[in-house]
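**Student:** Dumping the structure here so I can ask a few things about it.
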Amino acid sequence: MNLDIPNKTHLSSQDKQTPSLYDIAIDTIDGKAIDFSSFKGKKILFVNVASKCGFTKQYKELQKLSDSYKDSLIVIGVPCNQFGKQEPGNAAEIQSFCQVNYGVTFLITEKIDVKGINQHPLYTFLTCETLNGKRDSTVKWNFQKYIVNESGSLIDHYYSITSPLSKKITKHL
C-alpha cells in the first residue's frame, strides 16, 4: 500500500483519518517493500544518511547501536542527496559503500527526499506533529535522527551532531 500523505502545509485537524507510521510504504535499497508493522514492539531509529558527509563516520556508530540493541531496536538508514549533494550514488553504489566501508547490516532504504515539495511520506510523518503526535520539525542536515516507540509514535529527534551512541538516544532503549 503506497500511502499518499498530504504535504504538511495542507494538514488540518479536520483530516478524517490520521495515517500511522505502519501505513507508509517505502522500499529497501534493493527494491523490496518494507513492512513497518513487522517492527511493532520495537523502537525504530530513522537516520537520513549520506556517503560523502563529515558525519558519514556515524555509520560505524549506527552499526554498533544496531548490534547492541538488536532485540529492541531497528536502525534504518535513509539515503538522501538534498544536503550538499553528499549522496550522489545509485542504489548499488550506496549499498556497496555502506557494506565495504562500515560493515553495515542494518536496513537501508531507497534514496528519498526528506524535505521540500517531494518529501517522502515517511518524513512527512516524522516531521509533522499532526501525524506523529509529538512535534513539528525540519530536517536540517544529513544524519539527523528520529526515534519512534514500540507503537510507532515519535519519541524525539536529534540533530546530526548527536552521536547515535549518545545517552540522549540510548536512554530510550
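So you can find residues: chains in the C-alpha cells are A, B, ... in the order shown, residues in each start at 1, and ligands are numbered from 1 in order.
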Can you check which parts of region 57-83 of chain A lie within 6 Å of region 29-51 of chain A? Per residue, the shortest pair of atoms and distance in Å to one decimal, counting only C-alpha atoms, sorted by chain and number, as a tab-separated table.
**Tutor:**
```
residue	atom	partner	partner_atom	distance
A:Ser72	CA	A:Lys42	CA	4.9
A:Leu73	CA	A:Lys43	CA	4.8
A:Ile74	CA	A:Ile44	CA	4.7
A:Val75	CA	A:Leu45	CA	4.9
A:Ile76	CA	A:Phe46	CA	5.0
A:Gly77	CA	A:Val47	CA	5.0
A:Val78	CA	A:Asn48	CA	4.5
A:Pro79	CA	A:Val49	CA	4.7
```
**Student:** Just the selected residues (N, CA and C atoms), exported as a PDB file, in the first residue's frame, please.
**Tutor:**
```
ATOM      1  N   SER A  72      15.637  -4.903  20.667  1.00  0.00           N
ATOM      2  CA  SER A  72      14.626  -3.889  20.988  1.00  0.00           C
ATOM      3  C   SER A  72      14.615  -2.693  20.037  1.00  0.00           C
ATOM      4  N   LEU A  73      15.539  -2.661  19.065  1.00  0.00           N
ATOM      5  CA  LEU A  73      15.673  -1.508  18.188  1.00  0.00           C
ATOM      6  C   LEU A  73      15.940  -1.925  16.752  1.00  0.00           C
ATOM      7  N   ILE A  74      15.272  -1.229  15.836  1.00  0.00           N
ATOM      8  CA  ILE A  74      15.549  -1.364  14.407  1.00  0.00           C
ATOM      9  C   ILE A  74      16.172  -0.048  13.949  1.00  0.00           C
ATOM     10  N   VAL A  75      17.365  -0.107  13.385  1.00  0.00           N
ATOM     11  CA  VAL A  75      18.017   1.072  12.824  1.00  0.00           C
ATOM     12  C   VAL A  75      17.751   1.062  11.320  1.00  0.00           C
ATOM     13  N   ILE A  76      17.303   2.201  10.803  1.00  0.00           N
ATOM     14  CA  ILE A  76      17.014   2.309   9.374  1.00  0.00           C
ATOM     15  C   ILE A  76      17.718   3.543   8.815  1.00  0.00           C
ATOM     16  N   GLY A  77      18.655   3.319   7.899  1.00  0.00           N
ATOM     17  CA  GLY A  77      19.324   4.399   7.201  1.00  0.00           C
ATOM     18  C   GLY A  77      18.525   4.780   5.965  1.00  0.00           C
ATOM     19  N   VAL A  78      18.361   6.095   5.773  1.00  0.00           N
ATOM     20  CA  VAL A  78      17.547   6.598   4.674  1.00  0.00           C
ATOM     21  C   VAL A  78      18.412   7.528   3.812  1.00  0.00           C
ATOM     22  N   PRO A  79      18.981   7.017   2.713  1.00  0.00           N
ATOM     23  CA  PRO A  79      19.824   7.851   1.872  1.00  0.00           C
ATOM     24  C   PRO A  79      19.072   9.050   1.293  1.00  0.00           C
TER      25      PRO A  79
END
```
**Student:** Go through A:Lys85, A:Lys167, A:Cys128, A:Thr138 and flag the residue nearest Ser153 (chain A), using only C-alpha atoms for the distances.
**Tutor:** A:Cys128
**Student:** Taking the backbone alone, and naming residues the way the document does, which bits of chain A are strand (DSSP E) by DSSP, as number ranges by chain?
**Tutor:** A: 26-27, 33-34, 43-49, 73-79, 107-108, 145-148, 154-158
**Student:** Which residue is closest to Gln58 (chain A)? Choose from A:Lys145, A:Lys140, A:His120, A:Lys70 and count only C-alpha atoms.
**Tutor:** A:Lys145
**Student:** Using only C-alpha atoms, determine which residues lie at most 9 Å from Asp136 (chain A), disregarding the query and same-chain residues fewer than 5 positions distant; provide the list as a ChimeraX atom specification.
**Tutor:** /A:126-130
**Student:** Would you mind writing down, as a PyMOL selection string, each residue of region 35-147 of chain A that DSSP on the backbone assigns to alpha helix (DSSP H)?
**Tutor:** chain A and resi 58-68+91-102+121-127+129-132
**Student:** Can you tell me how far CA of Ile108 (chain A) sits from CA of Lys134 (chain A), in Å to one decimal?
**Tutor:** 24.9 Å
**Student:** Would you mind telling me which residue in A:Val139, A:Gln86, A:Ala91, A:Asp71 lies nearest to Leu173 (chain A) when using only C-alpha atoms?
**Tutor:** A:Asp71
**Student:** List the neighbours of Val104 (chain A) out to 9 Å using only C-alpha atoms; skip same-chain residues closer than 2 positions along the sequence, and give me the result as an MDAnalysis selection string.
**Tutor:** chainID A and resid 59:60 62:63 95 98:102 106:108
**Student:** Choose the residue, out of A:Thr28, A:Ser160, A:Asn142, A:Ser151, that has the smallest atom-to-atom separation from Glu110 (chain A); count only C-alpha atoms.
**Tutor:**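 Looking only at the distances to Glu110 (chain A), the closest residue turns out to be A:Thr28.
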